[in-house]
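With compact mmCIF, C-alpha atoms inside, this is target.txt:
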```txt
# COMPACT_ATOMS: atom_id res chain seq x y z
CA MET A 1 88.44 106.55 122.64
CA ARG A 2 85.74 104.32 121.13
CA PRO A 3 83.45 102.82 123.80
CA ARG A 4 84.22 99.22 122.76
CA LEU A 5 87.95 99.79 123.08
CA LEU A 6 87.55 101.51 126.43
CA ALA A 7 85.35 98.73 127.78
CA LEU A 8 88.14 96.18 127.25
CA VAL A 9 90.74 98.31 128.96
CA CYS A 10 88.87 99.39 132.05
CA VAL A 11 88.99 97.19 135.12
CA SER A 12 87.12 99.33 137.61
CA ALA A 13 84.20 97.59 139.23
CA SER A 14 82.56 100.52 140.98
CA LEU A 15 82.28 103.99 139.53
CA VAL A 16 80.55 107.23 140.31
CA SER A 17 76.95 107.11 139.18
CA ALA A 18 76.04 108.89 135.98
CA CYS A 19 75.83 112.68 136.39
CA GLY A 20 76.53 112.29 140.11
CA ALA A 21 78.96 114.64 141.80
CA LEU A 22 81.76 114.05 144.21
CA PRO A 23 81.10 116.52 147.02
CA GLY A 24 83.76 119.05 147.88
CA SER A 25 84.26 120.56 151.28
CA GLY A 26 84.39 124.03 152.64
CA SER A 27 82.31 127.14 151.97
CA GLY A 28 83.15 130.22 149.97
CA ARG A 29 84.98 128.22 147.32
CA HIS A 30 84.58 128.69 143.60
CA THR A 31 83.13 125.54 142.06
CA VAL A 32 84.88 124.00 139.06
CA THR A 33 82.58 121.67 137.13
CA VAL A 34 84.37 118.74 135.51
CA TRP A 35 82.81 116.26 133.09
CA LEU A 36 84.53 112.89 133.01
CA MET A 37 83.40 109.81 131.14
CA LYS A 38 81.99 106.69 132.71
CA ASP A 39 84.64 104.03 133.33
CA SER A 40 87.58 106.39 132.78
CA ALA A 41 88.52 106.46 136.45
CA SER A 42 87.49 104.55 139.55
CA LYS A 43 85.46 106.10 142.34
CA GLU A 44 88.42 105.64 144.66
CA PHE A 45 90.76 107.48 142.31
CA LEU A 46 88.38 110.41 141.94
CA SER A 47 87.83 110.65 145.67
CA SER A 48 91.58 110.71 146.35
CA PHE A 49 92.19 113.25 143.60
CA THR A 50 89.40 115.53 144.83
CA LYS A 51 90.68 115.46 148.39
CA ASP A 52 94.24 116.23 147.30
CA PHE A 53 93.26 118.96 144.84
CA GLU A 54 90.99 120.77 147.25
CA SER A 55 93.59 120.62 150.02
CA THR A 56 96.11 122.41 147.78
CA HIS A 57 93.59 124.82 146.20
CA SER A 58 91.73 126.27 149.17
CA ASP A 59 89.67 128.59 146.97
CA LEU A 60 88.31 125.86 144.70
CA ARG A 61 85.73 123.10 144.98
CA LEU A 62 85.46 120.27 142.47
CA ASP A 63 82.12 119.14 141.09
CA ILE A 64 82.94 116.01 139.07
CA ARG A 65 80.07 114.76 136.97
CA ILE A 66 80.20 111.39 135.23
CA GLN A 67 78.86 111.22 131.69
CA GLU A 68 77.77 108.32 129.49
CA TRP A 69 79.56 107.74 126.17
CA THR A 70 76.26 107.21 124.36
CA GLY A 71 75.08 110.54 123.03
CA ILE A 72 78.00 112.49 124.46
CA GLY A 73 78.80 114.29 121.20
CA GLY A 74 75.59 116.29 121.15
CA LYS A 75 75.79 116.95 124.86
CA VAL A 76 79.29 118.41 124.55
CA GLU A 77 78.23 120.50 121.55
CA ASP A 78 75.42 121.98 123.63
CA ALA A 79 77.73 122.63 126.59
CA LEU A 80 80.24 124.49 124.42
CA SER A 81 77.60 126.99 123.40
CA SER A 82 75.81 127.18 126.75
CA GLU A 83 75.54 130.36 128.78
CA SER A 84 74.45 128.48 131.89
CA ALA A 85 76.45 128.86 135.09
CA ASP A 86 76.16 125.09 135.40
CA ALA A 87 78.12 124.44 132.18
CA PRO A 88 81.34 122.40 132.54
CA ASP A 89 84.73 124.08 132.95
CA VAL A 90 86.71 120.96 131.99
CA ILE A 91 85.55 118.13 129.71
CA GLU A 92 87.07 114.75 128.96
CA VAL A 93 86.70 113.92 125.28
CA GLY A 94 87.91 111.04 123.12
CA ASN A 95 91.24 111.97 121.57
CA THR A 96 89.90 111.74 118.02
CA GLN A 97 86.84 113.84 118.92
CA VAL A 98 88.80 117.03 119.65
CA PRO A 99 88.82 118.30 116.00
CA GLN A 100 85.02 118.41 115.82
CA TYR A 101 84.85 120.63 118.94
CA VAL A 102 87.59 123.02 117.83
CA GLU A 103 85.47 124.48 115.05
CA GLY A 104 83.99 127.88 115.80
CA GLY A 105 86.56 128.85 118.43
CA ARG A 106 84.73 127.01 121.20
CA LEU A 107 87.78 125.64 123.04
CA THR A 108 90.43 127.44 125.08
CA ASN A 109 93.92 127.79 123.62
CA LEU A 110 96.26 125.93 125.98
CA THR A 111 99.42 126.17 123.89
CA LEU A 112 101.34 128.40 126.32
CA GLU A 113 100.77 126.11 129.29
CA SER A 114 101.57 123.08 127.17
CA MET A 115 104.93 124.46 126.08
CA ARG A 116 105.94 126.24 129.27
CA ASP A 117 104.60 124.02 132.05
CA TRP A 118 103.36 120.66 130.83
CA GLY A 119 106.23 119.17 128.81
CA MET A 120 104.34 118.67 125.58
CA ASP A 121 107.41 117.35 123.77
CA ASP A 122 107.07 114.09 125.74
CA TRP A 123 103.37 113.54 125.10
CA LEU A 124 102.22 110.46 123.23
CA PRO A 125 101.74 111.58 119.63
CA GLY A 126 98.49 109.64 119.28
CA LEU A 127 96.97 111.78 122.03
CA ALA A 128 98.69 115.09 121.36
CA GLU A 129 98.25 115.39 117.59
CA PRO A 130 94.44 115.11 117.52
CA GLY A 131 94.34 117.82 120.19
CA GLN A 132 96.07 120.31 117.90
CA ASP A 133 94.70 122.60 115.27
CA GLY A 134 97.66 123.87 113.32
CA SER A 135 100.12 125.08 115.93
CA ILE A 136 97.52 125.55 118.65
CA GLN A 137 97.02 122.97 121.40
CA TYR A 138 93.44 122.57 122.60
CA GLY A 139 93.28 118.98 123.84
CA ILE A 140 95.62 117.95 126.64
CA PRO A 141 96.55 114.23 126.70
CA TRP A 142 95.24 112.32 129.70
CA TYR A 143 95.51 108.55 129.13
CA ALA A 144 95.91 106.09 126.30
CA ALA A 145 95.30 102.50 125.29
CA ASN A 146 96.30 100.60 122.17
CA ARG A 147 96.46 97.13 120.72
CA VAL A 148 99.13 94.53 121.34
CA VAL A 149 99.47 90.90 120.34
CA VAL A 150 97.87 88.57 122.89
CA TYR A 151 99.24 85.07 122.49
CA ARG A 152 99.18 81.54 123.88
CA LYS A 153 102.51 80.78 125.57
CA ASP A 154 101.89 77.04 125.43
CA LEU A 155 101.24 77.04 121.68
CA PHE A 156 104.35 79.12 121.06
CA GLU A 157 106.38 76.63 123.10
CA GLN A 158 104.91 73.68 121.22
CA ALA A 159 105.90 75.35 117.94
CA GLY A 160 109.47 75.80 119.17
CA ILE A 161 109.19 79.60 119.36
CA LYS A 162 111.30 80.71 122.32
CA SER A 163 110.66 84.46 122.24
CA PRO A 164 108.14 86.81 120.61
CA PRO A 165 109.00 88.15 117.15
CA ARG A 166 110.51 91.61 116.83
CA THR A 167 110.06 92.22 113.11
CA ARG A 168 107.25 91.70 110.64
CA ASP A 169 109.19 89.01 108.79
CA GLU A 170 109.78 87.09 112.02
CA TRP A 171 106.11 87.51 112.89
CA ILE A 172 104.99 85.99 109.58
CA GLU A 173 107.50 83.15 109.95
CA ASP A 174 106.36 82.35 113.50
CA THR A 175 102.68 82.61 112.58
CA GLU A 176 103.18 80.16 109.73
CA LYS A 177 104.62 77.67 112.24
CA LEU A 178 101.69 78.22 114.57
CA ASN A 179 99.14 77.78 111.79
CA SER A 180 99.24 73.98 111.84
CA GLY A 181 97.90 70.96 113.67
CA GLY A 182 94.37 72.32 113.70
CA ASN A 183 95.45 75.62 115.27
CA GLN A 184 95.02 79.06 113.76
CA GLY A 185 98.29 80.95 113.65
CA ILE A 186 96.35 84.14 114.25
CA TYR A 187 92.69 85.07 114.38
CA LEU A 188 92.43 88.35 112.47
CA ALA A 189 89.04 89.50 111.25
CA GLY A 190 88.96 90.90 107.75
CA GLN A 191 87.67 94.35 108.72
CA ASP A 192 89.95 95.23 111.63
CA TRP A 193 90.79 98.60 110.10
CA TYR A 194 92.49 99.93 113.24
CA THR A 195 95.14 97.24 112.87
CA LEU A 196 95.41 97.90 109.14
CA SER A 197 96.01 101.58 109.90
CA GLY A 198 99.17 100.71 111.83
CA PHE A 199 100.55 98.68 108.93
CA ILE A 200 99.84 101.56 106.55
CA TRP A 201 101.56 104.07 108.84
CA ASP A 202 104.58 101.78 109.10
CA GLU A 203 104.94 101.95 105.34
CA GLY A 204 104.80 105.74 105.36
CA GLY A 205 101.22 105.94 104.17
CA ASP A 206 98.00 107.26 105.70
CA LEU A 207 94.23 106.85 105.53
CA ALA A 208 93.79 110.41 104.24
CA THR A 209 96.02 113.42 103.66
CA GLU A 210 95.48 117.18 103.75
CA LYS A 211 96.67 119.73 101.23
CA ASP A 212 95.62 123.39 101.12
CA SER A 213 92.99 122.69 103.81
CA LEU A 214 91.39 119.97 101.68
CA TRP A 215 91.37 116.30 102.65
CA GLN A 216 91.46 113.33 100.32
CA GLY A 217 91.55 109.57 100.80
CA ALA A 218 94.98 107.96 100.49
CA LEU A 219 94.40 104.21 100.52
CA ASP A 220 95.48 104.03 96.87
CA THR A 221 99.04 105.26 97.47
CA PRO A 222 101.86 102.72 97.04
CA ALA A 223 102.65 102.91 100.76
CA ALA A 224 99.07 102.24 101.81
CA LEU A 225 98.81 99.35 99.37
CA ARG A 226 101.94 97.80 100.89
CA GLY A 227 100.30 98.02 104.30
CA MET A 228 97.20 96.27 102.98
CA ASP A 229 99.32 93.55 101.41
CA PHE A 230 100.97 92.79 104.72
CA TYR A 231 97.55 92.64 106.36
CA ARG A 232 96.44 90.17 103.69
CA ARG A 233 99.46 87.92 104.28
CA LEU A 234 98.97 87.91 108.04
CA GLN A 235 95.20 87.47 107.92
CA SER A 236 95.55 84.41 105.66
CA LEU A 237 97.33 82.52 108.47
CA GLY A 238 94.08 81.92 110.31
CA ASP A 239 90.36 81.58 109.75
CA GLY A 240 89.18 85.09 110.59
CA PRO A 241 86.04 86.06 108.63
CA VAL A 242 86.84 88.42 105.76
CA ALA A 243 83.47 90.18 105.88
CA ALA A 244 83.36 91.02 109.60
CA ASP A 245 85.27 93.04 112.17
CA GLU A 246 86.85 91.93 115.44
CA GLU A 247 83.58 92.25 117.35
CA HIS A 248 81.48 90.01 115.07
CA PRO A 249 81.91 87.60 116.64
CA PRO A 250 83.85 88.99 119.61
CA GLN A 251 87.38 87.74 119.13
CA ALA A 252 87.83 87.17 122.87
CA GLY A 253 85.26 84.38 122.65
CA VAL A 254 86.96 82.82 119.63
CA PHE A 255 90.31 82.90 121.40
CA ALA A 256 88.83 81.44 124.58
CA LYS A 257 87.62 78.35 122.73
CA GLY A 258 91.23 77.36 122.05
CA LYS A 259 92.98 76.52 118.78
CA VAL A 260 94.00 80.17 118.29
CA ALA A 261 97.60 81.20 118.89
CA GLN A 262 97.29 84.99 118.61
CA ILE A 263 94.88 87.89 118.41
CA ILE A 264 95.49 91.64 118.18
CA ALA A 265 93.68 93.45 120.99
CA VAL A 266 94.08 95.65 124.04
CA PRO A 267 95.48 93.73 127.03
CA GLY A 268 92.22 94.13 128.93
CA VAL A 269 90.71 91.48 126.65
CA ALA A 270 92.42 88.91 128.88
CA GLN A 271 89.68 89.35 131.46
CA ALA A 272 86.98 88.34 128.98
CA ILE A 273 89.09 85.42 127.75
CA THR A 274 89.78 83.94 131.17
CA GLN A 275 86.18 84.40 132.29
CA GLN A 276 85.16 82.11 129.43
CA ASN A 277 88.13 79.76 129.75
CA PRO A 278 89.85 79.90 133.18
CA GLU A 279 92.38 77.28 132.04
CA LEU A 280 94.09 79.95 129.91
CA LYS A 281 94.84 82.22 132.86
CA ASP A 282 98.51 81.25 133.08
CA GLU A 283 98.99 80.78 129.33
CA LEU A 284 98.43 84.34 128.10
CA GLY A 285 101.35 86.48 127.02
CA TYR A 286 101.67 89.87 125.34
CA PHE A 287 104.06 91.56 122.94
CA THR A 288 104.06 94.80 121.02
CA ILE A 289 103.00 94.66 117.39
CA PRO A 290 106.27 94.22 115.47
CA GLY A 291 107.50 96.85 113.04
CA PRO A 292 109.33 96.42 109.74
CA THR A 293 112.64 96.36 111.66
CA ALA A 294 113.64 95.49 115.20
CA GLU A 295 114.65 99.09 115.91
CA LYS A 296 111.17 100.08 117.04
CA PRO A 297 107.70 98.53 117.42
CA GLY A 298 105.06 98.84 114.77
CA ALA A 299 102.76 101.84 114.61
CA VAL A 300 99.42 101.46 116.37
CA PHE A 301 96.16 103.32 116.57
CA THR A 302 96.05 105.11 119.92
CA GLY A 303 92.73 105.38 121.66
CA GLY A 304 92.31 107.43 124.80
CA SER A 305 91.15 110.74 126.13
CA ASP A 306 92.16 114.38 126.16
CA LEU A 307 90.96 117.11 128.49
CA VAL A 308 89.63 120.35 127.02
CA VAL A 309 88.57 123.66 128.54
CA PRO A 310 85.50 125.28 126.93
CA ARG A 311 85.96 128.85 125.83
CA ASN A 312 82.84 129.79 127.81
CA THR A 313 84.26 128.80 131.21
CA ASP A 314 83.83 131.52 133.79
CA ASP A 315 87.22 130.81 135.40
CA ARG A 316 89.97 129.90 132.99
CA ASP A 317 92.66 129.77 135.67
CA ALA A 318 90.68 127.36 137.83
CA ALA A 319 89.95 125.09 134.87
CA VAL A 320 93.61 125.11 133.86
CA ALA A 321 94.59 124.17 137.42
CA VAL A 322 92.38 121.07 137.24
CA VAL A 323 93.80 120.04 133.87
CA ALA A 324 97.35 120.56 135.14
CA ALA A 325 96.72 118.35 138.17
CA LEU A 326 94.91 115.53 136.36
CA THR A 327 97.46 115.33 133.55
CA GLY A 328 100.54 115.94 135.71
CA SER A 329 102.90 113.07 136.45
CA LYS A 330 101.59 112.36 139.97
CA TRP A 331 97.95 111.75 139.14
CA ASP A 332 98.45 110.61 135.56
CA THR A 333 100.67 107.72 136.65
CA GLU A 334 98.32 106.93 139.50
CA LEU A 335 95.44 106.70 137.03
CA ALA A 336 97.50 104.51 134.71
CA ARG A 337 98.39 102.10 137.53
CA THR A 338 94.81 102.01 138.80
CA MET A 339 93.11 101.49 135.46
CA ASP A 340 95.83 99.69 133.44
CA TYR A 341 96.24 102.59 131.04
CA VAL A 342 99.26 104.04 129.31
CA PRO A 343 100.34 107.37 130.88
CA ASN A 344 100.23 110.46 128.70
CA LYS A 345 104.03 110.77 128.30
CA THR A 346 106.62 108.41 126.91
CA THR A 347 108.83 109.35 129.89
CA LEU A 348 106.27 107.85 132.28
CA ALA A 349 106.16 104.40 130.67
CA ASP A 350 108.21 102.84 133.47
CA ALA A 351 105.33 103.56 135.84
CA VAL A 352 103.38 100.67 134.30
CA GLY A 353 106.34 98.45 133.49
CA GLY A 354 105.49 95.88 136.14
CA GLU A 355 102.49 94.45 134.31
CA GLU A 356 103.31 92.54 131.13
CA GLY A 357 100.31 93.52 129.05
CA VAL A 358 100.37 97.20 129.97
CA ALA A 359 104.15 97.35 129.47
CA ALA A 360 103.70 95.97 125.94
CA MET A 361 100.96 98.51 125.34
CA ALA A 362 103.13 101.38 126.59
CA ALA A 363 106.00 100.36 124.31
CA GLY A 364 103.68 100.40 121.33
CA ALA A 365 102.10 103.71 122.35
CA ALA A 366 105.39 105.48 121.66
CA GLN A 367 104.67 104.73 117.98
CA GLY A 368 100.98 105.57 118.31
CA ARG A 369 98.97 107.56 115.81
CA ALA A 370 95.38 108.71 115.50
CA THR A 371 92.89 108.98 112.69
CA PRO A 372 93.18 111.95 110.31
CA ASN A 373 92.76 115.23 112.17
CA SER A 374 89.64 116.33 110.33
CA PRO A 375 86.37 117.46 111.94
CA GLN A 376 84.59 115.36 109.32
CA TRP A 377 86.36 112.08 110.12
CA ALA A 378 83.33 110.86 112.06
CA ALA A 379 81.45 110.88 108.75
CA VAL A 380 83.98 108.39 107.35
CA GLU A 381 83.49 106.01 110.25
CA ALA A 382 79.70 106.31 110.10
CA ASP A 383 79.64 104.28 106.87
CA ASN A 384 83.21 103.10 106.86
CA PRO A 385 84.46 102.43 103.31
CA ILE A 386 87.74 101.04 104.66
CA LYS A 387 85.94 97.93 105.91
CA GLY A 388 84.38 97.13 102.58
CA TYR A 389 87.69 97.76 100.84
CA MET A 390 89.43 95.25 103.10
CA THR A 391 86.79 92.59 102.52
CA ARG A 392 86.96 92.93 98.76
CA VAL A 393 90.76 92.72 98.69
CA LEU A 394 90.78 89.69 100.99
CA SER A 395 88.16 88.10 98.73
CA GLY A 396 90.51 88.35 95.76
CA ASN A 397 89.59 91.65 94.10
CA ASP A 398 92.30 93.88 92.64
CA PRO A 399 93.78 95.94 95.54
CA ALA A 400 94.60 99.03 93.46
CA THR A 401 91.10 99.25 91.99
CA GLU A 402 89.40 98.76 95.33
CA ALA A 403 91.75 101.20 97.09
CA LYS A 404 90.95 103.91 94.55
CA ARG A 405 87.23 103.35 95.01
CA ALA A 406 87.50 103.51 98.82
CA SER A 407 89.74 106.58 98.68
CA GLU A 408 87.16 108.42 96.60
CA LYS A 409 84.50 107.62 99.21
CA ILE A 410 86.77 108.90 101.99
CA THR A 411 87.41 112.10 100.04
CA ASP A 412 83.70 112.62 99.57
CA ALA A 413 83.01 112.14 103.30
CA LEU A 414 85.76 114.57 104.27
CA THR A 415 84.62 117.27 101.85
CA PRO A 416 82.07 119.66 103.36
CA HIS A 417 79.07 119.96 101.08
CA LEU A 418 78.37 123.65 100.84
```
Kindly transcribe the structure held in the file into structure tokens.
Amino acid sequence: MRPRLLALVCVSASLVSACGALPGSGSGRHTVTVWLMKDSASKEFLSSFTKDFESTHSDLRLDIRIQEWTGIGGKVEDALSSESADAPDVIEVGNTQVPQYVEGGRLTNLTLESMRDWGMDDWLPGLAEPGQDGSIQYGIPWYAANRVVVYRKDLFEQAGIKSPPRTRDEWIEDTEKLNSGGNQGIYLAGQDWYTLSGFIWDEGGDLATEKDSLWQGALDTPAALRGMDFYRRLQSLGDGPVAADEEHPPQAGVFAKGKVAQIIAVPGVAQAITQQNPELKDELGYFTIPGPTAEKPGAVFTGGSDLVVPRNTDDRDAAVAVVAALTGSKWDTELARTMDYVPNKTTLADAVGGEEGVAAMAAGAAQGRATPNSPQWAAVEADNPIKGYMTRVLSGNDPATEAKRASEKITDALTPHL
């Protein structure tokens, strides 16, 4: 998961210090070293998990070490090739990062356990698919988060809207009503490419496609162009800047100032909004991003984390036991409740159904997707041509021409230069 997305979701106030370990108990145990990311789980959760795990695995001791997101890529790369006895046995990685670590056979094949023991058919696709390479499962889904529509209940009521829209057409109609009287129907920045991705997926398109092991950009397909056109229609019903993303300025601050009926964000953004404008505390509502029909919600980009086992672990069985426990229904739902996440399986969604924002997020996660499963995708995001494409289309340039240009840049980034 991207750090900025994670920061909005997490609600923990006190976490294990960076690279600190939670002490195990007992002597003569084999130590399993686990790297987890800062803010992924609370100190209390990790303490409870460690106590429970060690009580049911008398031969194992957990050494949980908290890592910073900044610079983690290089650190994981080093760990995967390390011969040190201190190297991690289990690593939490962002779901879209798994492909870059698969290369070179550096991760353990966990397909058998996934099929036989872990119920992989129920996993959220946005977590499971990036963890695969062909038919082999390397990354095991742990938790997810995705965007929903955060809205002002009072402005909806004033506009005569009695319930949230369930289709795209209803959403446009309602947003047009809300976009009046000095209010913005929706604040949608011009370069929110995660949101655009969902609209493209709903139309049957993609950001890039693979054929014969070669990737090419796909923004210029008819389906992707339809997704961009819907984005354009929705974005026009507010004053979001066409040449900036949702963090410039932070959309939580724009929403907190009032006069905005809707934004698209993770539910955790509510904390930032109400800190800046406490009067909105009881006015915030949430609904899943609508799809083309009322039969199912719209597709969304799924952020989150998978757990992987390095090939160089000195105890595969012990590492697998930790993964099984952390991603199993007991502790996965406990983590979701504690941290306001979406559990790793669609069948566990009821576990977070009591909180409106998380329930909306869980409903959308069933239609979740991830970025193209290419080890080179990070190169696309490094100088993201999708953002510039969106700005130019929203500024009036020809969509087909700009889509072709952006697709060529994506293809170039995804093509290894030998």
Find the spatial neighbours of Leu110 of chain A, counting all atoms listed in the file, within a cut-off of 7 Å - ignore same-chain residues fewer than 2 positions away - and output them as a list in words.
Thr108, Leu112, Glu113, Ser114, Gln137 and Tyr138 of chain A
Just-selected residues, C-alpha atoms written as a CSV table (one decimal), in the frame of the given file:
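Listing of selection_4.csv after writing:
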```
chain,number,residue,atom,x,y,z
A,108,THR,CA,90.4,127.4,125.1
A,112,LEU,CA,101.3,128.4,126.3
A,113,GLU,CA,100.8,126.1,129.3
A,114,SER,CA,101.6,123.1,127.2
A,137,GLN,CA,97.0,123.0,121.4
A,138,TYR,CA,93.4,122.6,122.6
```
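If only C-alpha atoms are the atoms counted, then among A:Gly304, A:Gly190, A:Pro99, A:Pro125 the closest residue to Asp39 of chain A is A:Gly304.
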Write out as a list of chain:residue names which residues come within 6 Å of Leu307 of chain A when counting all atoms listed in the file, dropping same-chain ones fewer than 3 positions away.
A:Ile91, A:Glu92, A:Gly139, A:Ile140
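If you look at atom CA of Gly227 of chain A and atom CA of Leu196 of chain A, they are 6.9 Å away from each other.
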Residues within 9 Å of (97.8, 122.0, 133.4), file coords, only C-alpha atoms, listed as number ranges by chain:
A: 110, 113-114, 117-118, 140, 319-328
Which polymer residues, whether protein, DNA or RNA, lie within 12 Å of the coordinate (77.7, 124.5, 135.2) when you count all atoms listed in the file? List them as a VMD selection string, using the chain letters and numbers from the file.
chain A and resid 21 30 to 35 62 to 65 79 to 80 82 to 91 310 312 to 315
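One distance worth recording is that between atom CA of Leu284 of chain A and atom CA of Arg369 of chain A, which is 26.3 Å.
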